[in-house]
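Engineer: What follows is coords28.cif, mmCIF, C-alpha atoms.
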```cif
data_data
#
loop_
_atom_site.label_atom_id
_atom_site.label_comp_id
_atom_site.auth_asym_id
_atom_site.auth_seq_id
_atom_site.Cartn_x
_atom_site.Cartn_y
_atom_site.Cartn_z
CA MET A 1 83.11 118.92 93.79
CA ILE A 2 86.63 120.35 93.88
CA SER A 3 87.01 123.62 91.99
CA ASN A 4 89.60 123.62 89.23
CA THR A 5 91.91 126.32 90.55
CA CYS A 6 94.92 124.98 88.68
CA LEU A 7 93.92 127.36 85.85
CA VAL A 8 94.57 130.35 88.13
CA TYR A 9 98.31 129.91 88.61
CA ARG A 10 100.39 126.77 89.02
CA LYS A 11 104.05 126.04 88.50
CA GLU A 12 106.86 123.83 89.65
CA MET A 13 109.75 125.51 91.43
CA GLU A 14 113.17 124.51 92.73
CA PHE A 15 114.77 126.33 95.65
CA VAL A 16 118.46 125.91 96.43
CA VAL A 17 118.69 126.42 100.18
CA ASN A 18 121.41 125.43 102.64
CA GLY A 19 123.23 123.54 99.89
CA THR A 20 120.18 121.43 99.04
CA ARG A 21 117.73 121.57 96.13
CA ILE A 22 114.14 121.63 97.38
CA PHE A 23 111.26 120.97 94.98
CA ALA A 24 107.87 122.62 95.41
CA GLU A 25 104.62 123.04 93.53
CA VAL A 26 103.21 126.54 93.86
CA LEU A 27 99.67 127.57 92.95
CA GLY A 28 97.33 130.49 93.43
CA ASP A 29 98.04 133.97 94.72
CA GLY A 30 97.54 135.82 97.99
CA PRO A 31 98.67 135.17 101.58
CA ALA A 32 100.95 132.14 101.61
CA ILE A 33 100.20 128.71 103.07
CA VAL A 34 103.13 126.29 103.14
CA CYS A 35 101.91 122.68 103.29
CA LEU A 36 104.16 120.05 104.86
CA HIS A 37 103.54 116.40 104.04
CA GLY A 38 103.99 113.52 106.44
CA GLY A 39 105.58 110.14 106.11
CA PHE A 40 108.30 110.43 106.67
CA GLY A 41 109.32 109.37 103.16
CA LEU A 42 106.24 110.57 101.22
CA ASP A 43 105.91 113.78 99.16
CA HIS A 44 103.57 116.72 98.55
CA SER A 45 101.52 115.05 95.78
CA TYR A 46 98.84 113.63 98.08
CA PHE A 47 97.67 117.19 98.82
CA CYS A 48 96.65 117.57 95.14
CA PRO A 49 94.01 118.46 94.04
CA TYR A 50 92.28 118.38 97.42
CA LEU A 51 93.63 121.70 98.69
CA ASP A 52 93.37 123.47 95.33
CA ASP A 53 90.25 125.39 96.30
CA LEU A 54 92.33 127.37 98.80
CA ALA A 55 94.37 128.73 95.88
CA ARG A 56 91.44 130.95 94.89
CA ASP A 57 92.73 133.49 97.41
CA HIS A 58 95.97 132.05 98.81
CA LEU A 59 99.41 131.14 97.53
CA LEU A 60 99.82 127.42 98.22
CA VAL A 61 103.41 126.24 98.57
CA LEU A 62 103.46 122.43 98.46
CA VAL A 63 106.96 121.36 99.43
CA ASP A 64 108.82 118.08 99.05
CA LEU A 65 110.81 118.23 102.28
CA ARG A 66 114.57 117.76 102.26
CA GLY A 67 115.32 114.18 101.19
CA HIS A 68 111.75 113.55 99.97
CA GLY A 69 110.02 113.28 96.61
CA ARG A 70 111.74 115.34 93.92
CA SER A 71 114.03 117.18 96.34
CA ASP A 72 117.66 116.14 96.66
CA PRO A 73 118.19 112.79 98.40
CA LEU A 74 119.59 112.71 101.91
CA ALA A 75 123.16 112.01 102.78
CA ARG A 76 123.50 109.32 105.43
CA ASN A 77 122.39 110.48 108.90
CA ALA A 78 121.33 113.86 107.44
CA PHE A 79 117.63 113.79 108.36
CA ARG A 80 117.30 116.62 110.88
CA ILE A 81 114.10 118.44 111.73
CA ASP A 82 115.98 121.64 112.56
CA ALA A 83 117.60 121.59 109.10
CA ILE A 84 114.18 121.18 107.45
CA VAL A 85 112.90 124.13 109.49
CA GLU A 86 115.73 126.32 108.20
CA ASP A 87 115.07 125.12 104.63
CA LEU A 88 111.51 126.36 104.99
CA GLU A 89 112.66 129.68 106.43
CA ALA A 90 114.99 130.18 103.45
CA ILE A 91 112.13 129.38 101.05
CA ARG A 92 109.90 131.92 102.78
CA GLY A 93 112.62 134.51 102.26
CA GLN A 94 113.06 133.65 98.59
CA LEU A 95 109.30 133.95 98.08
CA ARG A 96 109.44 137.36 99.84
CA GLN A 97 106.64 136.48 102.19
CA PRO A 98 106.66 138.56 105.41
CA HIS A 99 104.95 135.63 107.18
CA TRP A 100 102.85 132.63 106.22
CA THR A 101 100.43 130.00 107.42
CA VAL A 102 102.22 126.74 108.22
CA LEU A 103 100.13 123.61 107.71
CA GLY A 104 101.55 120.24 108.72
CA HIS A 105 99.90 116.90 108.12
CA SER A 106 100.75 113.84 110.23
CA GLY A 107 104.54 113.83 110.74
CA GLY A 108 104.63 117.15 108.91
CA GLY A 109 102.88 118.55 111.97
CA LEU A 110 106.12 118.01 113.92
CA ILE A 111 107.95 120.13 111.34
CA ALA A 112 105.21 122.78 111.43
CA ALA A 113 105.24 122.97 115.22
CA GLN A 114 109.04 123.14 115.35
CA TYR A 115 108.99 125.96 112.78
CA ALA A 116 106.39 127.84 114.86
CA ALA A 117 108.49 127.32 118.00
CA THR A 118 111.65 128.55 116.24
CA HIS A 119 110.16 131.44 114.23
CA PRO A 120 106.91 132.36 116.02
CA ALA A 121 106.73 135.89 114.58
CA LEU A 122 106.79 134.53 111.03
CA VAL A 123 103.78 132.20 111.43
CA SER A 124 100.46 133.95 110.85
CA HIS A 125 98.48 130.75 111.50
CA LEU A 126 99.47 127.23 112.53
CA CYS A 127 97.39 124.28 111.23
CA LEU A 128 98.01 120.74 112.50
CA VAL A 129 96.14 118.01 110.61
CA GLY A 130 95.97 114.39 111.77
CA SER A 131 99.11 115.12 113.75
CA PHE A 132 100.70 114.36 117.11
CA PRO A 133 103.12 116.24 119.38
CA ARG A 134 105.26 113.27 120.39
CA PHE A 135 106.96 110.54 118.35
CA PRO A 136 106.46 107.62 118.51
CA PHE A 137 102.94 107.08 119.81
CA ARG A 138 100.65 104.10 120.30
CA ALA A 139 97.87 103.25 117.84
CA PRO A 140 96.49 99.87 118.95
CA GLY A 141 93.21 100.42 117.10
CA TRP A 142 95.09 100.61 113.79
CA LEU A 143 96.64 97.19 114.23
CA ARG A 144 93.40 95.75 115.60
CA LEU A 145 91.55 96.98 112.50
CA ALA A 146 94.10 95.31 110.24
CA ARG A 147 93.61 91.99 112.02
CA GLU A 148 89.81 92.33 111.88
CA LEU A 149 89.86 93.03 108.15
CA GLY A 150 92.11 90.03 107.55
CA ASP A 151 93.11 91.37 104.13
CA PRO A 152 96.25 89.47 103.05
CA GLU A 153 97.68 92.50 101.21
CA ILE A 154 97.31 94.76 104.23
CA LEU A 155 98.77 92.16 106.57
CA SER A 156 101.72 91.55 104.26
CA GLY A 157 102.36 95.32 104.09
CA LEU A 158 102.39 95.57 107.87
CA LYS A 159 104.78 92.63 108.06
CA MET A 160 107.11 94.41 105.63
CA PHE A 161 107.25 97.39 108.01
CA LEU A 162 107.79 95.15 111.04
CA ASP A 163 110.62 93.35 109.24
CA GLY A 164 112.11 96.69 108.16
CA VAL A 165 111.79 98.12 104.65
CA LYS A 166 115.21 98.75 103.12
CA SER A 167 114.64 100.21 99.64
CA ASP A 168 112.49 102.85 97.99
CA ASP A 169 110.64 100.17 96.02
CA ALA A 170 109.94 98.09 99.13
CA TYR A 171 108.77 101.19 101.01
CA ARG A 172 106.43 102.06 98.14
CA ASP A 173 105.07 98.52 98.01
CA ALA A 174 104.47 98.40 101.78
CA CYS A 175 102.79 101.83 101.87
CA ILE A 176 100.42 100.98 99.02
CA LYS A 177 99.49 97.67 100.64
CA ILE A 178 98.49 99.32 103.93
CA ALA A 179 96.91 102.43 102.35
CA PRO A 180 93.28 101.36 103.04
CA LEU A 181 93.96 101.56 106.79
CA PHE A 182 94.40 105.33 106.53
CA PHE A 183 90.78 105.87 105.49
CA ALA A 184 87.51 105.95 107.40
CA ASP A 185 86.18 102.89 105.58
CA PRO A 186 89.10 100.74 104.39
CA LYS A 187 86.81 98.61 102.21
CA ARG A 188 85.72 101.64 100.16
CA ALA A 189 88.92 103.65 100.25
CA ASP A 190 90.16 105.45 97.14
CA CYS A 191 93.87 104.81 97.49
CA SER A 192 94.86 106.30 94.11
CA PRO A 193 96.75 109.25 95.71
CA PHE A 194 99.26 106.73 97.05
CA ASP A 195 100.15 105.68 93.50
CA ARG A 196 101.40 109.20 92.64
CA ILE A 197 103.85 109.53 95.52
CA ARG A 198 107.60 109.31 94.93
CA TYR A 199 108.65 107.25 97.93
CA ARG A 200 111.99 107.66 99.71
CA VAL A 201 112.84 105.13 102.40
CA ALA A 202 115.81 107.01 103.93
CA PRO A 203 113.76 109.66 105.80
CA HIS A 204 111.49 106.91 107.15
CA GLN A 205 114.47 104.94 108.42
CA GLU A 206 116.27 107.92 109.91
CA ALA A 207 113.19 109.34 111.65
CA ILE A 208 112.76 106.02 113.44
CA ALA A 209 116.48 105.78 114.26
CA HIS A 210 117.08 109.33 115.49
CA TYR A 211 113.79 110.81 116.67
CA SER A 212 112.39 108.30 119.11
CA GLY A 213 111.12 110.27 122.10
CA TYR A 214 110.89 113.56 120.20
CA ASP A 215 108.40 115.75 122.06
CA LEU A 216 107.31 119.24 121.00
CA ARG A 217 104.82 120.06 123.73
CA ASP A 218 107.17 122.37 125.63
CA PRO A 219 108.88 124.11 122.67
CA VAL A 220 105.69 124.89 120.72
CA ALA A 221 104.07 126.54 123.75
CA ALA A 222 106.15 129.61 122.83
CA TYR A 223 103.86 130.14 119.84
CA ARG A 224 100.91 132.33 120.88
CA GLY A 225 99.29 132.89 117.48
CA PRO A 226 96.11 131.31 116.10
CA VAL A 227 96.12 127.51 115.91
CA LEU A 228 93.77 125.08 114.17
CA ILE A 229 93.88 121.36 114.96
CA VAL A 230 91.94 119.15 112.54
CA HIS A 231 91.38 115.43 112.99
CA GLY A 232 89.28 112.86 111.17
CA THR A 233 86.79 111.19 113.51
CA GLN A 234 87.81 107.80 112.11
CA ASP A 235 91.56 108.29 112.01
CA HIS A 236 92.80 104.78 112.68
CA ARG A 237 96.48 105.70 112.26
CA VAL A 238 96.74 108.64 114.68
CA PRO A 239 94.16 108.25 117.46
CA VAL A 240 92.02 111.30 118.18
CA GLY A 241 93.47 111.32 121.70
CA GLU A 242 96.96 111.86 120.28
CA GLY A 243 95.76 114.87 118.30
CA LYS A 244 94.15 116.34 121.41
CA LYS A 245 97.52 116.31 123.18
CA TRP A 246 98.37 119.46 121.22
CA LEU A 247 95.80 121.25 123.39
CA GLN A 248 98.02 120.70 126.45
CA CYS A 249 100.57 123.15 125.04
CA LEU A 250 98.43 125.23 122.68
CA PRO A 251 95.37 126.16 124.76
CA GLN A 252 94.40 128.87 122.25
CA ALA A 253 93.88 126.22 119.56
CA ARG A 254 90.57 125.60 117.83
CA TRP A 255 89.85 121.85 117.73
CA VAL A 256 87.77 120.56 114.80
CA LYS A 257 86.79 116.99 113.99
CA ILE A 258 85.74 116.06 110.46
CA ASP A 259 83.18 113.28 110.20
CA LYS A 260 83.51 110.36 107.81
CA ALA A 261 87.23 110.97 107.49
CA GLY A 262 90.34 109.13 108.52
CA HIS A 263 93.99 110.15 108.50
CA PHE A 264 93.67 112.20 105.29
CA PRO A 265 90.55 114.33 105.92
CA PHE A 266 91.32 116.61 102.98
CA ILE A 267 91.14 113.59 100.63
CA GLU A 268 87.90 112.13 101.97
CA GLN A 269 86.14 115.43 102.76
CA PRO A 270 87.90 118.12 100.67
CA VAL A 271 85.00 120.59 100.56
CA GLU A 272 84.45 120.45 104.32
CA PHE A 273 88.18 120.58 105.00
CA CYS A 274 88.68 123.75 102.94
CA ARG A 275 85.56 125.25 104.52
CA VAL A 276 86.99 124.61 107.99
CA LEU A 277 90.26 126.33 107.06
CA ARG A 278 88.51 129.35 105.56
CA ARG A 279 86.31 129.72 108.65
CA PHE A 280 89.43 129.56 110.81
CA PHE A 281 91.21 132.24 108.78
CA ASP A 282 88.15 134.49 108.91
CA ARG A 283 87.70 134.15 112.67
CA ALA A 284 91.41 134.53 113.38
CA SER A 285 91.39 137.88 111.54
CA LEU A 286 88.70 139.33 113.82
CA PRO A 287 89.89 141.76 116.53
#
```
Before anything else, please render the file you have as structure tokens.
Structural biologist:
Amino acid sequence: MISNTCLVYRKEMEFVVNGTRIFAEVLGDGPAIVCLHGGFGLDHSYFCPYLDDLARDHLLVLVDLRGHGRSDPLARNAFRIDAIVEDLEAIRGQLRQPHWTVLGHSGGGLIAAQYAATHPALVSHLCLVGSFPRFPFRAPGWLRLARELGDPEILSGLKMFLDGVKSDDAYRDACIKIAPLFFADPKRADCSPFDRIRYRVAPHQEAIAHYSGYDLRDPVAAYRGPVLIVHGTQDHRVPVGEGKKWLQCLPQARWVKIDKAGHFPFIEQPVEFCRVLRRFFDRASLP
């Protein structure tokens, strides 16, 4: 059961940073955790309510990254990871947080790692969930699973991506069609979180166009603080081996696998996921 922490403190906020309006949902109170969604082209909503239990003793800052969700749309060729990093740094300043935990899921892990590499003294803890240090990467098992399932909706969604989605509506349609593949058991997946997302195709297109070959293994090695890497044991989208590549540059990291979970372990195993994070915070605080 997920505790109902939304009664503690929850509000929507808009930050104007670097000439761009950034939307965020903020809940709880205490040391801050900024949560960075993946995609690219998704939004923060898929974290809710699965991370809410952490708001019992933390301030959760769930951001729609620049050009995503309810934040301002991107100008053409304006998707830049370094700009997103500086957006986050400005938000930290406006929230008057001396430092914070940076949690990145999937592609959001690239943003989190780049932030830690750029502002290492401002990151109390770094959490990388279902993520990868280099883009793009190979996931042959994901495509093999789709063929084995033979579901016409899933196959048509994959074809839409291969053909190139060109509008927000087409991106939404394709993402919802392939959503079962992100879960441990596609036939029993609860894909309702995908219905809540406000999809933006531009970040998806620009990430593919401008960030092929992006590799953070060398830059993030400058971060020497506590690191947690979490991966679902049945993550079909990002192979476990890709997640383990973070250990090449972050040898101090704690590696945790969550059973019966795919690419969104906090959705499929929210109690265990929050327990893992709390245990990490407790151990990292020991001398």
Engineer: Name the residues captured by the PyMOL selection byres ((chain A and resi 22) around 12) when it is applied to the shown file; answer as a PDB file with C-alpha atoms, in the frame of the given file.
Structural biologist:
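Output (expr-v7.pdb):
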```pdb
ATOM      1  CA  GLU A  12     106.860 123.830  89.650  1.00  0.00           C
ATOM      2  CA  MET A  13     109.750 125.510  91.430  1.00  0.00           C
ATOM      3  CA  GLU A  14     113.170 124.510  92.730  1.00  0.00           C
ATOM      4  CA  PHE A  15     114.770 126.330  95.650  1.00  0.00           C
ATOM      5  CA  VAL A  16     118.460 125.910  96.430  1.00  0.00           C
ATOM      6  CA  VAL A  17     118.690 126.420 100.180  1.00  0.00           C
ATOM      7  CA  ASN A  18     121.410 125.430 102.640  1.00  0.00           C
ATOM      8  CA  GLY A  19     123.230 123.540  99.890  1.00  0.00           C
ATOM      9  CA  THR A  20     120.180 121.430  99.040  1.00  0.00           C
ATOM     10  CA  ARG A  21     117.730 121.570  96.130  1.00  0.00           C
ATOM     11  CA  PHE A  23     111.260 120.970  94.980  1.00  0.00           C
ATOM     12  CA  ALA A  24     107.870 122.620  95.410  1.00  0.00           C
ATOM     13  CA  GLU A  25     104.620 123.040  93.530  1.00  0.00           C
ATOM     14  CA  ASP A  43     105.910 113.780  99.160  1.00  0.00           C
ATOM     15  CA  HIS A  44     103.570 116.720  98.550  1.00  0.00           C
ATOM     16  CA  VAL A  61     103.410 126.240  98.570  1.00  0.00           C
ATOM     17  CA  LEU A  62     103.460 122.430  98.460  1.00  0.00           C
ATOM     18  CA  VAL A  63     106.960 121.360  99.430  1.00  0.00           C
ATOM     19  CA  ASP A  64     108.820 118.080  99.050  1.00  0.00           C
ATOM     20  CA  LEU A  65     110.810 118.230 102.280  1.00  0.00           C
ATOM     21  CA  ARG A  66     114.570 117.760 102.260  1.00  0.00           C
ATOM     22  CA  GLY A  67     115.320 114.180 101.190  1.00  0.00           C
ATOM     23  CA  HIS A  68     111.750 113.550  99.970  1.00  0.00           C
ATOM     24  CA  GLY A  69     110.020 113.280  96.610  1.00  0.00           C
ATOM     25  CA  ARG A  70     111.740 115.340  93.920  1.00  0.00           C
ATOM     26  CA  SER A  71     114.030 117.180  96.340  1.00  0.00           C
ATOM     27  CA  ASP A  72     117.660 116.140  96.660  1.00  0.00           C
ATOM     28  CA  PRO A  73     118.190 112.790  98.400  1.00  0.00           C
ATOM     29  CA  LEU A  74     119.590 112.710 101.910  1.00  0.00           C
ATOM     30  CA  ILE A  84     114.180 121.180 107.450  1.00  0.00           C
ATOM     31  CA  GLU A  86     115.730 126.320 108.200  1.00  0.00           C
ATOM     32  CA  ASP A  87     115.070 125.120 104.630  1.00  0.00           C
ATOM     33  CA  LEU A  88     111.510 126.360 104.990  1.00  0.00           C
ATOM     34  CA  ALA A  90     114.990 130.180 103.450  1.00  0.00           C
ATOM     35  CA  ILE A  91     112.130 129.380 101.050  1.00  0.00           C
TER      36      ILE A  91
END
```
Engineer: Go through A:Phe47, A:Phe161, A:Phe135, A:Phe40 one by one, measure the shortest atom-to-atom distance of each to Arg196 (chain A) using all atoms listed in the file, and give the residue with the smallest value.
Structural biologist: A:Phe47
Engineer: Please, what distance in Å, to one decimal, runs between CA of Phe264 (chain A) and CA of Ser156 (chain A)?
Structural biologist: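 Calculated distance between CA of Phe264 (chain A) and CA of Ser156 (chain A) is 22.2 Å.
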Engineer: Report the distance between CA of Gly41 (chain A) and CA of Pro270 (chain A) in Å, rounded to one decimal place.
Structural biologist: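 One can read the CA of Gly41 (chain A) to CA of Pro270 (chain A) distance as 23.3 Å.
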Engineer: Separation of CA of Ile176 (chain A) and CA of Arg147 (chain A), in Å?
Structural biologist: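 Taking CA of Ile176 (chain A) as the start and CA of Arg147 (chain A) as the end point, the length is 17.2 Å.
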Engineer: Using all atoms listed in the file, which residues sit within 12 Å of Lys260 (chain A) once same-chain residues fewer than 5 positions away are excluded, as a list in words?
Structural biologist: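 Everything that qualifies: Phe183, Ala184, Asp185, Pro186, Arg188, Ala189, His231, Gly232, Thr233, Gln234, Asp235, His236, Pro265, Phe266, Ile267, Glu268, Gln269, Pro270, Glu272 and Phe273 of chain A.
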Engineer: Near region 93-101 of chain A, counting all atoms listed in the file, which residues have an atom at most 8 Å away, once you skip same-chain residues fewer than 6 positions from it, shown as a list in words?
Structural biologist: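 Using all atoms listed in the file, the neighbours found are Pro31, Ala32, Ile33, Val34, Ala121, Leu122, Val123, Ser124, His125, Leu126 and Cys127 of chain A.
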Engineer: Name the residues that the PyMOL selection byres ((chain A and resi 205-207) around 9) picks from the file above, as a list in words, using the file's chain letters and numbers.
Structural biologist: Phe40, Gly41, Arg76, Asn77, Ala78, Phe79, Arg80, Gly164, Val165, Lys166, Val201, Ala202, Pro203, His204, Ile208, Ala209, His210, Tyr211 and Ser212 of chain A
Engineer: Take the residues that were just selected and, keeping C-alpha atoms, output them as a compact mmCIF listing (two decimals), in the frame of the given file.
Structural biologist:
```
# COMPACT_ATOMS: atom_id res chain seq x y z
CA PHE A 40 108.30 110.43 106.67
CA GLY A 41 109.32 109.37 103.16
CA ARG A 76 123.50 109.32 105.43
CA ASN A 77 122.39 110.48 108.90
CA ALA A 78 121.33 113.86 107.44
CA PHE A 79 117.63 113.79 108.36
CA ARG A 80 117.30 116.62 110.88
CA GLY A 164 112.11 96.69 108.16
CA VAL A 165 111.79 98.12 104.65
CA LYS A 166 115.21 98.75 103.12
CA VAL A 201 112.84 105.13 102.40
CA ALA A 202 115.81 107.01 103.93
CA PRO A 203 113.76 109.66 105.80
CA HIS A 204 111.49 106.91 107.15
CA ILE A 208 112.76 106.02 113.44
CA ALA A 209 116.48 105.78 114.26
CA HIS A 210 117.08 109.33 115.49
CA TYR A 211 113.79 110.81 116.67
CA SER A 212 112.39 108.30 119.11
```
Engineer: Could you tell me which residues the PyMOL selection byres ((chain A and resi 141) around 10) grabs in this file, written as a count of residues only?
Structural biologist: 14
Engineer: With distances taken over all atoms listed in the file, which residue among A:Leu216, A:Leu54, A:Leu59, A:Leu149 lies nearest Gln248 (chain A)?
Structural biologist: A:Leu216
Engineer: Quick one: residues within 6 Å of Gly130 (chain A), only C-alpha atoms, excluding same-chain residues fewer than 2 positions away - as a ChimeraX atom specification?
Structural biologist: /A:105-106,231,263
Engineer: For the selection just defined, write its residues with C-alpha atoms to a file, as a PDB file, in the coordinates of the input.
Structural biologist:
```pdb
ATOM      1  CA  HIS A 105      99.900 116.900 108.120  1.00  0.00           C
ATOM      2  CA  SER A 106     100.750 113.840 110.230  1.00  0.00           C
ATOM      3  CA  HIS A 231      91.380 115.430 112.990  1.00  0.00           C
ATOM      4  CA  HIS A 263      93.990 110.150 108.500  1.00  0.00           C
TER       5      HIS A 263
END
```
Engineer: I'd like to know which of A:Gly213, A:Pro219, A:Gly39, A:Pro226 is closest to Thr118 (chain A), using all atoms listed in the file.
Structural biologist: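 Checking each candidate against Thr118 (chain A), we get A:Pro219 as the closest.
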Engineer: When you look at Arg254 (chain A) with a cut-off of 9 Å (counting only C-alpha atoms), what residues show up, excluding the ones that are within fewer than 4 positions of it in the same chain? I need them as a list in words.
Structural biologist: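 Result of the neighbour search: Pro226, Val227, Leu228, Ile229, Val230, Leu247 and Phe280 of chain A.
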Engineer: Write out the residues from the selection above, keeping C-alpha atoms, as a compact mmCIF listing (two decimals), in the frame of the given file.
Structural biologist:
```txt
# COMPACT_ATOMS: atom_id res chain seq x y z
CA PRO A 226 96.11 131.31 116.10
CA VAL A 227 96.12 127.51 115.91
CA LEU A 228 93.77 125.08 114.17
CA ILE A 229 93.88 121.36 114.96
CA VAL A 230 91.94 119.15 112.54
CA LEU A 247 95.80 121.25 123.39
CA PHE A 280 89.43 129.56 110.81
```
Engineer: Which is closest to Pro180 (chain A) among A:Asp82, A:Asp218, A:Asp29, A:Asp151, if we use all atoms listed in the file?
Structural biologist: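 Nearest to Pro180 (chain A): A:Asp151.
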Engineer: Produce the centre coordinates and the three edge lengths, each in Å to one decimal, of the box along x, y and z that contains all listed atoms of region 233-251 of chain A with 4 Å added on each side, as JSON.
Structural biologist:
```
{"center_x": 93.7, "center_y": 115.5, "center_z": 119.2, "size_x": 21.8, "size_y": 29.4, "size_z": 22.4}
```
Engineer: Closest to Ala179 (chain A) among A:Glu153, A:Asp163, A:Asp53, A:Glu148, using only C-alpha atoms?
Structural biologist: A:Glu153
